$ cat protein-v4.tsv   # TSV, C-alpha atoms
chain	number	residue	atom	x	y	z
A	316	MET	CA	0.00	0.00	0.00
A	317	ASN	CA	1.46	3.38	-0.87
A	318	GLN	CA	1.46	6.13	1.73
A	319	TRP	CA	-1.21	8.23	0.01
A	320	ASP	CA	-3.70	5.36	0.15
A	321	ASN	CA	-2.62	4.76	3.71
A	322	PHE	CA	-3.44	8.38	4.52
A	323	LYS	CA	-6.69	8.55	2.57
A	324	LYS	CA	-8.35	5.47	4.05
A	325	GLY	CA	-9.31	7.09	7.38
A	326	PHE	CA	-11.70	9.58	5.81
A	327	LEU	CA	-14.33	7.40	4.13
A	328	LYS	CA	-13.29	3.85	3.35
A	329	GLU	CA	-12.15	2.95	6.88
A	330	ASN	CA	-13.50	5.93	8.77
A	331	PRO	CA	-13.20	5.02	12.47
A	332	VAL	CA	-16.65	6.37	13.32
A	333	PHE	CA	-18.82	5.79	10.26
A	334	VAL	CA	-17.40	2.45	9.11
A	335	LEU	CA	-15.42	0.83	11.93
A	336	LEU	CA	-17.84	2.14	14.60
A	337	LEU	CA	-15.07	2.72	17.13
A	338	GLY	CA	-14.92	5.49	19.69
A	339	LEU	CA	-18.63	6.20	19.67
A	340	CYS	CA	-18.79	7.51	23.25
A	341	PRO	CA	-16.95	10.80	22.65
A	342	THR	CA	-18.52	10.95	19.19
A	343	LEU	CA	-21.99	11.16	20.69
A	344	GLY	CA	-21.03	12.89	23.92
A	345	VAL	CA	-19.22	16.05	22.85
A	346	THR	CA	-20.68	16.88	19.44
A	347	THR	CA	-23.20	19.50	20.54
A	348	SER	CA	-21.36	21.95	18.27
A	349	ALA	CA	-18.91	21.78	15.37
A	350	LEU	CA	-16.16	23.41	17.44
A	351	ASN	CA	-16.44	20.90	20.29
A	352	GLY	CA	-16.35	18.06	17.79
A	353	LEU	CA	-13.28	19.47	16.06
A	354	ALA	CA	-11.44	20.05	19.35
A	355	MET	CA	-12.18	16.54	20.61
A	356	GLY	CA	-11.19	15.09	17.23
A	357	LEU	CA	-7.87	16.93	17.18
A	358	ALA	CA	-7.08	15.93	20.77
A	359	THR	CA	-7.68	12.29	19.85
A	360	ALA	CA	-5.68	12.69	16.62
A	361	PHE	CA	-2.70	14.00	18.59
A	362	VAL	CA	-2.82	11.03	20.96
A	363	LEU	CA	-3.18	8.63	18.02
A	364	VAL	CA	-0.22	10.03	16.08
A	365	MET	CA	2.07	10.15	19.10
A	366	SER	CA	1.13	6.75	20.53
A	367	ASN	CA	1.31	5.08	17.11
A	368	SER	CA	4.80	6.54	16.51
A	369	VAL	CA	6.16	5.64	19.95
A	370	ILE	CA	4.71	2.13	19.88
A	371	SER	CA	6.10	1.52	16.43
A	372	LEU	CA	9.56	2.57	17.70
A	373	ILE	CA	9.51	0.38	20.81
A	374	LYS	CA	7.61	-2.59	19.36
A	375	ASN	CA	10.69	-4.81	19.40
A	376	LEU	CA	11.53	-4.01	23.02
A	377	ILE	CA	8.16	-5.05	24.45
A	378	PRO	CA	7.66	-8.74	25.32
A	379	SER	CA	4.48	-9.81	23.57
A	380	LYS	CA	2.84	-11.03	26.79
A	381	VAL	CA	2.74	-7.59	28.37
A	382	ARG	CA	2.20	-5.61	25.18
A	383	ILE	CA	-1.37	-4.49	25.89
A	384	PRO	CA	-0.60	-2.99	29.35
A	385	SER	CA	2.52	-1.35	27.88
A	386	PHE	CA	0.48	0.17	25.05
A	387	ILE	CA	-2.04	1.47	27.56
A	388	VAL	CA	0.69	3.16	29.62
A	389	VAL	CA	2.07	4.88	26.49
A	390	ILE	CA	-1.43	6.02	25.49
A	391	ALA	CA	-2.32	7.18	29.00
A	392	SER	CA	0.86	9.29	29.16
A	393	PHE	CA	-0.08	11.19	26.01
A	394	VAL	CA	-3.68	11.57	27.20
A	395	THR	CA	-2.37	13.11	30.43
A	396	ILE	CA	-0.27	15.53	28.36
A	397	VAL	CA	-3.31	16.59	26.30
A	398	ASP	CA	-5.41	16.89	29.46
A	399	LEU	CA	-2.91	19.15	31.24
A	400	VAL	CA	-2.11	21.29	28.19
A	401	MET	CA	-5.79	21.84	27.49
A	402	ALA	CA	-6.56	22.66	31.12
A	403	GLY	CA	-3.74	25.22	31.04
A	404	TYR	CA	-4.31	26.92	27.69
A	405	ALA	CA	-7.99	26.39	26.86
A	406	PRO	CA	-9.80	26.06	30.18
A	407	ALA	CA	-13.25	26.84	28.71
A	408	LEU	CA	-12.93	24.09	26.11
A	409	HIS	CA	-11.47	21.74	28.71
A	410	ALA	CA	-14.51	22.29	30.93
A	411	LYS	CA	-16.89	21.57	28.04
A	412	LEU	CA	-15.21	18.35	26.92
A	413	GLY	CA	-14.74	17.42	30.58
A	414	LEU	CA	-14.74	13.73	31.29
A	415	PHE	CA	-14.20	12.74	27.68
A	416	ILE	CA	-10.57	13.93	27.61
A	417	PRO	CA	-9.28	11.39	30.18
A	418	LEU	CA	-11.55	8.84	28.53
A	419	ILE	CA	-9.46	8.99	25.32
A	420	VAL	CA	-7.44	6.28	27.10
A	421	VAL	CA	-10.24	3.78	26.65
A	422	ASN	CA	-11.14	4.94	23.15
A	423	CYS	CA	-11.05	1.73	21.15
A	424	ILE	CA	-9.53	3.44	18.08
A	425	VAL	CA	-6.30	4.32	19.86
A	426	LEU	CA	-5.61	0.88	21.31
A	427	GLY	CA	-6.99	-0.74	18.16
A	428	ARG	CA	-4.50	1.05	15.88
A	429	ALA	CA	-1.65	0.41	18.34
A	430	GLU	CA	-2.34	-3.33	18.39
A	431	GLY	CA	-3.57	-3.71	14.83
A	432	PHE	CA	-1.17	-1.43	12.96
A	433	ALA	CA	1.68	0.24	14.88
A	434	SER	CA	2.92	-2.98	16.48
A	435	LYS	CA	3.51	-4.46	13.02
A	436	ASN	CA	4.62	-1.54	10.85
A	437	ASN	CA	7.52	0.90	10.60
A	438	LEU	CA	7.58	4.44	12.00
A	439	LEU	CA	6.52	6.32	8.86
A	440	SER	CA	3.56	4.08	8.04
A	441	SER	CA	2.42	4.10	11.67
A	442	LEU	CA	2.68	7.88	11.87
A	443	ILE	CA	0.63	8.30	8.68
A	444	ASP	CA	-1.87	5.70	9.85
A	445	GLY	CA	-2.29	7.58	13.12
A	446	ALA	CA	-2.76	10.88	11.27
A	447	SER	CA	-5.23	9.31	8.85
A	448	MET	CA	-7.36	7.71	11.54
A	449	GLY	CA	-7.10	10.73	13.81
A	450	LEU	CA	-8.10	13.22	11.13
A	451	GLY	CA	-10.84	10.87	9.93
A	452	PHE	CA	-12.17	10.83	13.48
A	453	ALA	CA	-11.95	14.64	13.71
A	454	PHE	CA	-13.69	14.90	10.31
A	455	ALA	CA	-16.57	12.68	11.48
A	456	LEU	CA	-16.97	14.57	14.77
A	457	THR	CA	-16.93	17.95	13.05
A	458	ILE	CA	-19.61	16.89	10.56
A	459	LEU	CA	-21.79	15.42	13.29
A	460	GLY	CA	-21.28	18.47	15.51
A	461	GLY	CA	-21.93	20.80	12.57
A	462	ILE	CA	-25.21	19.13	11.65
A	463	ARG	CA	-26.42	19.09	15.24
A	464	GLU	CA	-25.45	22.72	15.77
A	465	LEU	CA	-27.10	23.74	12.49
A	466	LEU	CA	-30.39	21.93	13.15
A	467	GLY	CA	-30.45	22.53	16.87
A	468	GLY	CA	-29.38	26.14	17.09
A	469	GLY	CA	-29.27	27.53	13.55
A	470	ALA	CA	-25.55	28.21	13.82
A	471	PHE	CA	-22.26	26.89	12.44
A	472	PHE	CA	-18.97	27.16	14.36
A	473	GLY	CA	-20.76	29.63	16.61
A	474	HIS	CA	-21.91	31.94	13.80
A	475	LYS	CA	-25.66	32.26	14.11
A	476	PHE	CA	-27.54	32.89	10.90
A	477	ILE	CA	-31.08	31.98	11.86
A	478	THR	CA	-32.86	34.11	14.41
A	479	GLY	CA	-34.82	32.37	17.11
A	480	ASP	CA	-34.41	28.80	18.28
A	481	GLY	CA	-33.63	25.74	16.24
A	482	ILE	CA	-35.03	22.26	16.75
A	483	LEU	CA	-33.82	21.80	20.31
A	484	ILE	CA	-33.92	18.01	20.26
A	485	PHE	CA	-30.84	17.86	18.03
A	486	VAL	CA	-28.52	19.40	20.60
A	487	LEU	CA	-29.96	17.16	23.33
A	488	ALA	CA	-28.98	13.53	23.84
A	489	PRO	CA	-31.53	11.82	21.52
A	490	GLY	CA	-30.46	13.99	18.58
A	491	ALA	CA	-26.92	12.63	18.78
A	492	PHE	CA	-28.09	9.04	18.29
A	493	ILE	CA	-30.52	9.88	15.52
A	494	VAL	CA	-28.17	12.10	13.47
A	495	LEU	CA	-25.34	9.57	13.75
A	496	GLY	CA	-27.68	6.78	12.67
A	497	TYR	CA	-28.62	8.59	9.48
A	498	LEU	CA	-25.01	9.68	8.80
A	499	ILE	CA	-23.82	6.07	8.99
A	500	ALA	CA	-26.61	5.07	6.62
A	501	ILE	CA	-25.50	7.75	4.13
A	502	VAL	CA	-21.83	6.68	4.33
A	503	ASN	CA	-22.99	3.08	3.78
A	504	ILE	CA	-24.71	4.14	0.58
A	505	ILE	CA	-21.66	6.12	-0.63
A	506	ASN	CA	-19.22	3.29	0.10
A	507	LYS	CA	-21.49	0.72	-1.53
A	508	SER	CA	-21.96	2.71	-4.72
A	509	LYS	CA	-18.20	3.31	-4.86
A	510	ALA	CA	-17.55	-0.42	-4.53
A	511	LYS	CA	-20.08	-1.09	-7.28
A	512	ALA	CA	-18.47	1.47	-9.63
A	513	HIS	CA	-15.10	-0.11	-8.85
A	514	CYS	CA	-16.39	-3.59	-9.75
A	515	SER	CA	-17.86	-2.49	-13.07
A	516	THR	CA	-14.63	-0.77	-14.19
A	517	ASP	CA	-12.58	-3.88	-13.42
B	195	MET	CA	-32.84	11.39	51.16
B	196	GLU	CA	-29.53	12.39	49.66
B	197	TYR	CA	-28.70	8.73	49.00
B	198	PHE	CA	-32.10	8.25	47.42
B	199	SER	CA	-31.55	11.12	45.02
B	200	ILE	CA	-28.13	9.73	44.02
B	201	ILE	CA	-29.76	6.40	43.14
B	202	ILE	CA	-32.71	7.80	41.16
B	203	SER	CA	-30.60	10.35	39.36
B	204	ALA	CA	-27.95	7.79	38.31
B	205	ILE	CA	-30.43	5.15	37.12
B	206	PHE	CA	-33.08	7.26	35.40
B	207	VAL	CA	-32.44	10.98	35.10
B	208	ASN	CA	-28.76	10.92	34.15
B	209	ASN	CA	-28.70	7.42	32.72
B	210	ILE	CA	-25.08	6.66	32.00
B	211	VAL	CA	-25.68	5.29	28.50
B	212	LEU	CA	-28.61	7.28	27.19
B	213	THR	CA	-27.77	10.76	28.50
B	214	GLN	CA	-24.08	10.63	29.43
B	215	PHE	CA	-22.98	8.58	26.39
B	216	LEU	CA	-20.63	6.28	28.28
B	217	GLY	CA	-20.36	2.61	27.37
B	218	ILE	CA	-21.83	2.95	23.89
B	219	CYS	CA	-19.59	0.21	22.47
B	220	PRO	CA	-20.94	-2.63	24.65
B	221	PHE	CA	-24.39	-1.01	24.39
B	222	LEU	CA	-24.33	-1.56	20.61
B	223	GLY	CA	-22.07	-4.61	20.63
B	224	VAL	CA	-23.67	-7.06	23.05
B	225	SER	CA	-27.31	-6.03	22.82
B	226	ASN	CA	-28.50	-8.53	20.24
B	227	LYS	CA	-30.00	-10.89	22.82
B	228	VAL	CA	-31.54	-10.29	26.23
B	229	GLU	CA	-29.42	-13.05	27.85
B	230	THR	CA	-26.10	-11.56	26.77
B	231	ALA	CA	-27.32	-8.15	27.90
B	232	LEU	CA	-28.02	-9.61	31.35
B	233	GLY	CA	-24.55	-11.19	31.47
B	234	MET	CA	-22.84	-7.97	30.51
B	235	GLY	CA	-24.94	-6.01	33.01
B	236	GLY	CA	-23.94	-8.39	35.79
B	237	ALA	CA	-20.25	-8.22	34.91
B	238	VAL	CA	-20.33	-4.42	34.82
B	239	LEU	CA	-22.13	-4.24	38.18
B	240	PHE	CA	-19.49	-6.46	39.76
B	241	VAL	CA	-16.42	-4.75	38.30
B	242	MET	CA	-17.72	-1.19	38.59
B	243	THR	CA	-18.45	-1.50	42.30
B	244	LEU	CA	-15.08	-3.07	43.03
B	245	SER	CA	-13.07	-0.71	40.86
B	246	THR	CA	-14.76	2.39	42.26
B	247	ILE	CA	-13.89	1.32	45.81
B	248	VAL	CA	-10.28	0.58	44.87
B	249	THR	CA	-9.72	3.74	42.82
B	250	TYR	CA	-11.37	5.82	45.56
B	251	LEU	CA	-8.92	4.44	48.12
B	252	VAL	CA	-5.98	4.86	45.73
B	253	GLN	CA	-6.95	8.48	45.07
B	254	ASN	CA	-7.40	9.48	48.72
B	255	TYR	CA	-4.65	7.45	50.36
B	256	ILE	CA	-1.93	7.39	47.69
B	257	LEU	CA	-2.34	10.06	45.01
B	258	VAL	CA	-3.50	12.96	47.17
B	259	PRO	CA	-1.04	12.53	50.10
B	260	LEU	CA	1.88	12.12	47.68
B	261	ASN	CA	0.63	15.09	45.66
B	262	ILE	CA	0.74	13.22	42.33
B	263	GLY	CA	-2.83	13.83	41.20
B	264	TYR	CA	-1.67	14.27	37.60
B	265	LEU	CA	-1.00	10.53	37.43
B	266	GLN	CA	-4.75	9.89	37.92
B	267	THR	CA	-5.52	8.65	34.40
B	268	ILE	CA	-2.52	6.31	34.18
B	269	THR	CA	-3.01	4.92	37.69
B	270	TYR	CA	-6.74	4.33	37.28
B	271	ILE	CA	-6.51	2.50	33.99
B	272	LEU	CA	-3.75	0.23	35.33
B	273	VAL	CA	-5.67	-0.43	38.54
B	274	ILE	CA	-8.80	-1.29	36.54
B	275	ALA	CA	-6.92	-3.53	34.09
B	276	ALA	CA	-5.19	-5.37	36.92
B	277	LEU	CA	-8.44	-5.66	38.85
B	278	VAL	CA	-10.31	-7.15	35.91
B	279	GLN	CA	-7.53	-9.67	35.38
B	280	MET	CA	-7.58	-10.57	39.08
B	281	VAL	CA	-11.36	-10.93	39.19
B	282	GLU	CA	-11.14	-13.24	36.19
B	283	ILE	CA	-8.50	-15.46	37.82
B	284	ILE	CA	-10.29	-15.59	41.18
B	285	LEU	CA	-13.71	-16.30	39.64
B	286	LYS	CA	-12.26	-19.13	37.58
B	287	LYS	CA	-10.99	-20.84	40.76
B	288	VAL	CA	-13.72	-19.95	43.25
B	289	SER	CA	-16.94	-19.96	41.25
B	290	PRO	CA	-16.72	-21.67	37.88
B	291	ALA	CA	-20.46	-21.23	37.37
B	292	LEU	CA	-20.27	-17.46	37.71
B	293	TYR	CA	-17.13	-17.46	35.56
B	294	GLN	CA	-19.07	-19.31	32.86
B	295	ALA	CA	-21.79	-16.68	32.97
B	296	LEU	CA	-19.57	-13.58	33.05
B	297	GLY	CA	-16.38	-15.00	31.53
B	298	VAL	CA	-16.53	-13.68	27.98
B	299	PHE	CA	-17.55	-10.20	29.11
B	300	LEU	CA	-14.76	-9.62	31.61
B	301	PRO	CA	-11.88	-8.87	29.20
B	302	LEU	CA	-14.16	-6.48	27.30
B	303	ILE	CA	-14.75	-4.49	30.45
B	304	THR	CA	-11.24	-3.01	30.66
B	305	THR	CA	-11.98	-0.85	27.66
B	306	ASN	CA	-15.54	-0.09	28.77
B	307	CYS	CA	-15.45	3.62	29.45
B	308	THR	CA	-18.23	3.45	32.03
B	309	ILE	CA	-15.80	1.92	34.53
B	310	LEU	CA	-13.12	4.60	34.19
B	311	GLY	CA	-15.79	7.26	33.74
B	312	VAL	CA	-17.56	6.46	37.01
B	313	ALA	CA	-14.23	6.22	38.87
B	314	ILE	CA	-13.33	9.74	37.70
B	315	LEU	CA	-16.84	11.16	38.21
B	316	VAL	CA	-16.87	10.03	41.83
B	317	ILE	CA	-13.71	12.07	42.48
B	318	GLN	CA	-15.04	15.09	40.54
B	319	LYS	CA	-18.29	15.06	42.50
B	320	GLU	CA	-16.34	14.76	45.79
B	321	TYR	CA	-18.44	11.89	47.12
B	322	ASN	CA	-17.46	10.02	50.28
B	323	LEU	CA	-16.92	6.27	50.21
B	324	ILE	CA	-20.54	5.26	50.89
B	325	GLU	CA	-21.91	7.70	48.32
B	326	SER	CA	-19.30	6.49	45.82
B	327	VAL	CA	-20.31	2.88	46.22
B	328	LEU	CA	-23.99	3.79	45.89
B	329	PHE	CA	-23.22	5.88	42.82
B	330	ALA	CA	-21.30	3.01	41.22
B	331	ILE	CA	-24.02	0.45	41.92
B	332	SER	CA	-26.79	2.73	40.64
B	333	ASN	CA	-24.86	3.58	37.49
B	334	ALA	CA	-24.24	-0.10	36.81
B	335	CYS	CA	-27.97	-0.74	37.28
B	336	GLY	CA	-28.74	2.12	34.90
B	337	PHE	CA	-26.36	0.62	32.36
B	338	ALA	CA	-27.94	-2.82	32.73
B	339	LEU	CA	-31.44	-1.35	32.47
B	340	ALA	CA	-30.67	0.51	29.24
B	341	LEU	CA	-28.91	-2.53	27.80
B	342	ILE	CA	-31.78	-4.92	28.61
B	343	ILE	CA	-34.54	-2.63	27.27
B	344	PHE	CA	-32.50	-2.01	24.14
B	345	SER	CA	-31.78	-5.69	23.53
B	346	GLY	CA	-35.48	-6.46	23.93
B	347	LEU	CA	-36.26	-3.88	21.26
B	348	ARG	CA	-33.52	-5.18	18.97
B	349	GLU	CA	-34.75	-8.76	19.20
B	350	ASN	CA	-37.99	-7.56	17.64
B	351	LEU	CA	-36.13	-5.88	14.79
B	352	ASP	CA	-35.55	-9.23	13.13
B	353	LEU	CA	-39.25	-9.36	12.33
B	354	VAL	CA	-39.59	-6.04	10.50
B	355	GLU	CA	-38.56	-4.86	7.08
B	356	ILE	CA	-35.91	-2.14	7.16
B	357	PRO	CA	-34.56	-0.09	4.24
B	358	GLU	CA	-31.25	-1.56	2.99
B	359	ALA	CA	-29.02	1.36	4.05
B	360	LEU	CA	-30.44	1.52	7.57
B	361	LYS	CA	-29.91	-2.17	8.35
B	362	GLY	CA	-27.71	-3.00	11.32
B	363	VAL	CA	-26.13	-0.19	13.26
B	364	PRO	CA	-27.97	2.85	11.80
B	365	ILE	CA	-31.42	1.60	12.80
B	366	ALA	CA	-30.04	0.55	16.20
B	367	LEU	CA	-28.77	4.10	16.76
B	368	ILE	CA	-32.09	5.60	15.79
B	369	ILE	CA	-33.86	3.29	18.23
B	370	ALA	CA	-31.36	4.29	20.90
B	371	GLY	CA	-32.27	7.90	20.13
B	372	LEU	CA	-35.96	7.18	20.69
B	373	LEU	CA	-35.15	5.33	23.91
B	374	SER	CA	-33.09	8.31	25.03
B	375	LEU	CA	-36.05	10.54	24.21
B	376	ALA	CA	-38.19	8.36	26.47
B	377	PHE	CA	-35.66	8.66	29.29
B	378	MET	CA	-35.76	12.45	28.96
B	379	GLY	CA	-39.22	12.17	30.45
B	380	PHE	CA	-37.53	11.49	33.81
B	381	ALA	CA	-35.82	14.88	33.75
B	382	GLY	CA	-36.64	17.02	36.74
B	383	ILE	CA	-37.96	14.33	39.09
B	384	VAL	CA	-35.09	14.78	41.55
$ encode --input "protein-v4.tsv" --output "structure tokens"
Amino acid sequence: MNQWDNFKKGFLKENPVFVLLLGLCPTLGVTTSALNGLAMGLATAFVLVMSNSVISLIKNLIPSKVRIPSFIVVIASFVTIVDLVMAGYAPALHAKLGLFIPLIVVNCIVLGRAEGFASKNNLLSSLIDGASMGLGFAFALTILGGIRELLGGGAFFGHKFITGDGILIFVLAPGAFIVLGYLIAIVNIINKSKAKAHCSTD
Amino acid sequence: MEYFSIIISAIFVNNIVLTQFLGICPFLGVSNKVETALGMGGAVLFVMTLSTIVTYLVQNYILVPLNIGYLQTITYILVIAALVQMVEIILKKVSPALYQALGVFLPLITTNCTILGVAILVIQKEYNLIESVLFAISNACGFALALIIFSGLRENLDLVEIPEALKGVPIALIIAGLLSLAFMGFAGIV
């Protein structure tokens, strides 16, 4: 696989949220606005890139029996870094994302890529894989947050262009489930029609 | 009265799955049958109560006195992982029947964010030990309740015709949204 394909796969074909269905807790929990979604996505992307790179570098030093706990320690260290940096420089955002920042540790995408990709590949591929998955995750969260913000409050990235209230249900908990359900259905359709087009050209 | 409000709020008003969005992976993953939902609920109840007690003690008797609160995330996840492993080993020896029932769900629990989430929430809310245990038990019950209702609904899905694109996870998420809407009816009772 060349590196461009490696990078591209996280956005649609193997999108961690829409296709692999990993890391759904923060996906649903923080996406009340596009900005929150983007911030959470970028925080996760940072952890993914760093942990993938470090794990790929030390993969030969770790005995395979204790690899999962070792991976978790590496991931937890970077999560702590993100947590402290965010609390220091963006306290308002940190308060909004709250519990979900420390919970990046148990986000299945991060451990999944560490075990499934970084522990078997070289530094460059692992770094690109982390960036691809991380940005794909951020992309999914921003779209979901954007749609919910748009329908629920008539705004996008905080810019309000509809006076009055939106459909409140979309910024509340049920809206998260419903919007994500339909988004996954749409991505299913796109990926299926792409696969079909691919088959007919072969 | 205070204890009562902790219980009601954790099970119904702030249901951990449907309003706090913790533990969505097992919620979608093991909710195809009511029996597996019961097994998972039991395993979570067991581990969550234990891990909350242990992390509470670790926080107040190790991390705070030594002034190393910034190691919270790393310490908690290691404590939880070790605890789950230990519970698995002990159950296997002491109660093979229970191990049979909960066995497959135990390894999954380490990466269940409800466990770590509740452990951190208890510290954030500054509960004492009794309140913490109550909070953990009620949250686990809330998790089990949501999981069991949801699996009951999903069992019935096999009998209906669903548009091709919505099959599987999308329709499950939409149902979860409706269930969450129903739980919003509890808002304001405590």
$ atom_distance --input "protein-v4.tsv" --atom1 "atom CA of A:Ile482" --atom2 "atom CA of A:Gly460"
14.3 Å
$ axis_aligned_box --input "protein-v4.tsv" --around "stretch 438-454 of chain A" --padding-each-side "5 Å" --output "JSON"
{"center_x": -3.1, "center_y": 9.5, "center_z": 10.9, "size_x": 31.3, "size_y": 20.8, "size_z": 15.8}
$ interface_residues --input "protein-v4.tsv" --of "chain B" --to "chain A" --cutoff "8 Å" --atoms "all atoms listed in the file" --output "MDAnalysis selection string"
chainID B and resid 212:219 264:265 267:268 271:272 275 304:307 310:311 314:315 359:360 363:375
$ residues_around --input "protein-v4.tsv" --residues "A:Trp319" --least-positions-apart "5" --cutoff "12 Å" --atoms "all atoms listed in the file" --output "ChimeraX atom specification"
/A:324-325,439-440,443-444,446-447
$ residues_around --input "protein-v4.tsv" --residues "stretch 254-256 of chain B" --least-positions-apart "4" --cutoff "12 Å" --atoms "only C-alpha atoms" --output "ChimeraX atom specification"
/B:247-250,260-263,265-266,269-270,316-317,320-323
$ residues_around --input "protein-v4.tsv" --residues "B:Ile205" --least-positions-apart "3" --cutoff "10 Å" --atoms "only C-alpha atoms" --output "PyMOL selection string"
chain B and resi 199-202+208-211+329+331-340
$ write_last_selection --input "protein-v4.tsv" --atoms "C-alpha atoms" --output "mmCIF file, keeping the file's coordinate frame"
data_model
loop_
_atom_site.group_PDB
_atom_site.id
_atom_site.type_symbol
_atom_site.label_atom_id
_atom_site.label_comp_id
_atom_site.auth_asym_id
_atom_site.auth_seq_id
_atom_site.Cartn_x
_atom_site.Cartn_y
_atom_site.Cartn_z
ATOM 1 C CA SER B 199 -31.550 11.120 45.020
ATOM 2 C CA ILE B 200 -28.130 9.730 44.020
ATOM 3 C CA ILE B 201 -29.760 6.400 43.140
ATOM 4 C CA ILE B 202 -32.710 7.800 41.160
ATOM 5 C CA ASN B 208 -28.760 10.920 34.150
ATOM 6 C CA ASN B 209 -28.700 7.420 32.720
ATOM 7 C CA ILE B 210 -25.080 6.660 32.000
ATOM 8 C CA VAL B 211 -25.680 5.290 28.500
ATOM 9 C CA PHE B 329 -23.220 5.880 42.820
ATOM 10 C CA ILE B 331 -24.020 0.450 41.920
ATOM 11 C CA SER B 332 -26.790 2.730 40.640
ATOM 12 C CA ASN B 333 -24.860 3.580 37.490
ATOM 13 C CA ALA B 334 -24.240 -0.100 36.810
ATOM 14 C CA CYS B 335 -27.970 -0.740 37.280
ATOM 15 C CA GLY B 336 -28.740 2.120 34.900
ATOM 16 C CA PHE B 337 -26.360 0.620 32.360
ATOM 17 C CA ALA B 338 -27.940 -2.820 32.730
ATOM 18 C CA LEU B 339 -31.440 -1.350 32.470
ATOM 19 C CA ALA B 340 -30.670 0.510 29.240
#
$ atom_distance --input "protein-v4.tsv" --atom1 "atom CA of B:Gln279" --atom2 "atom CA of B:Val258"
25.8 Å
$ atom_distance --input "protein-v4.tsv" --atom1 "atom CA of A:Asn437" --atom2 "atom CA of A:Ser366"
13.2 Å
$ residues_around --input "protein-v4.tsv" --residues "stretch 224-229 of chain B" --least-positions-apart "4" --cutoff "10 Å" --atoms "all atoms listed in the file" --output "VMD selection string"
chain B and resid 219 to 220 233 to 235 295 299 340 to 351 366
$ residues_around --input "protein-v4.tsv" --residues "A:Asn351" --least-positions-apart "2" --cutoff "8 Å" --atoms "all atoms listed in the file" --output "JSON, numbers by chain"
{"A": [345, 346, 347, 348, 349, 353, 354, 355, 408, 411, 412, 457, 460]}
$ residues_near_point --input "protein-v4.tsv" --point "(-16.0, 1.1, 1.8)" --cutoff "7 Å" --atoms "all atoms listed in the file" --output "CSV table (one decimal) with C-alpha atoms, in the coordinates of the input"
chain,number,residue,atom,x,y,z
A,327,LEU,CA,-14.3,7.4,4.1
A,328,LYS,CA,-13.3,3.8,3.4
A,329,GLU,CA,-12.2,3.0,6.9
A,506,ASN,CA,-19.2,3.3,0.1
A,507,LYS,CA,-21.5,0.7,-1.5
A,510,ALA,CA,-17.6,-0.4,-4.5
$ closest_residue --input "protein-v4.tsv" --among "B:Met378, B:Ala204, B:Ala237, B:Ile356" --to "B:Tyr293" --atoms "all atoms listed in the file"
B:Ala237
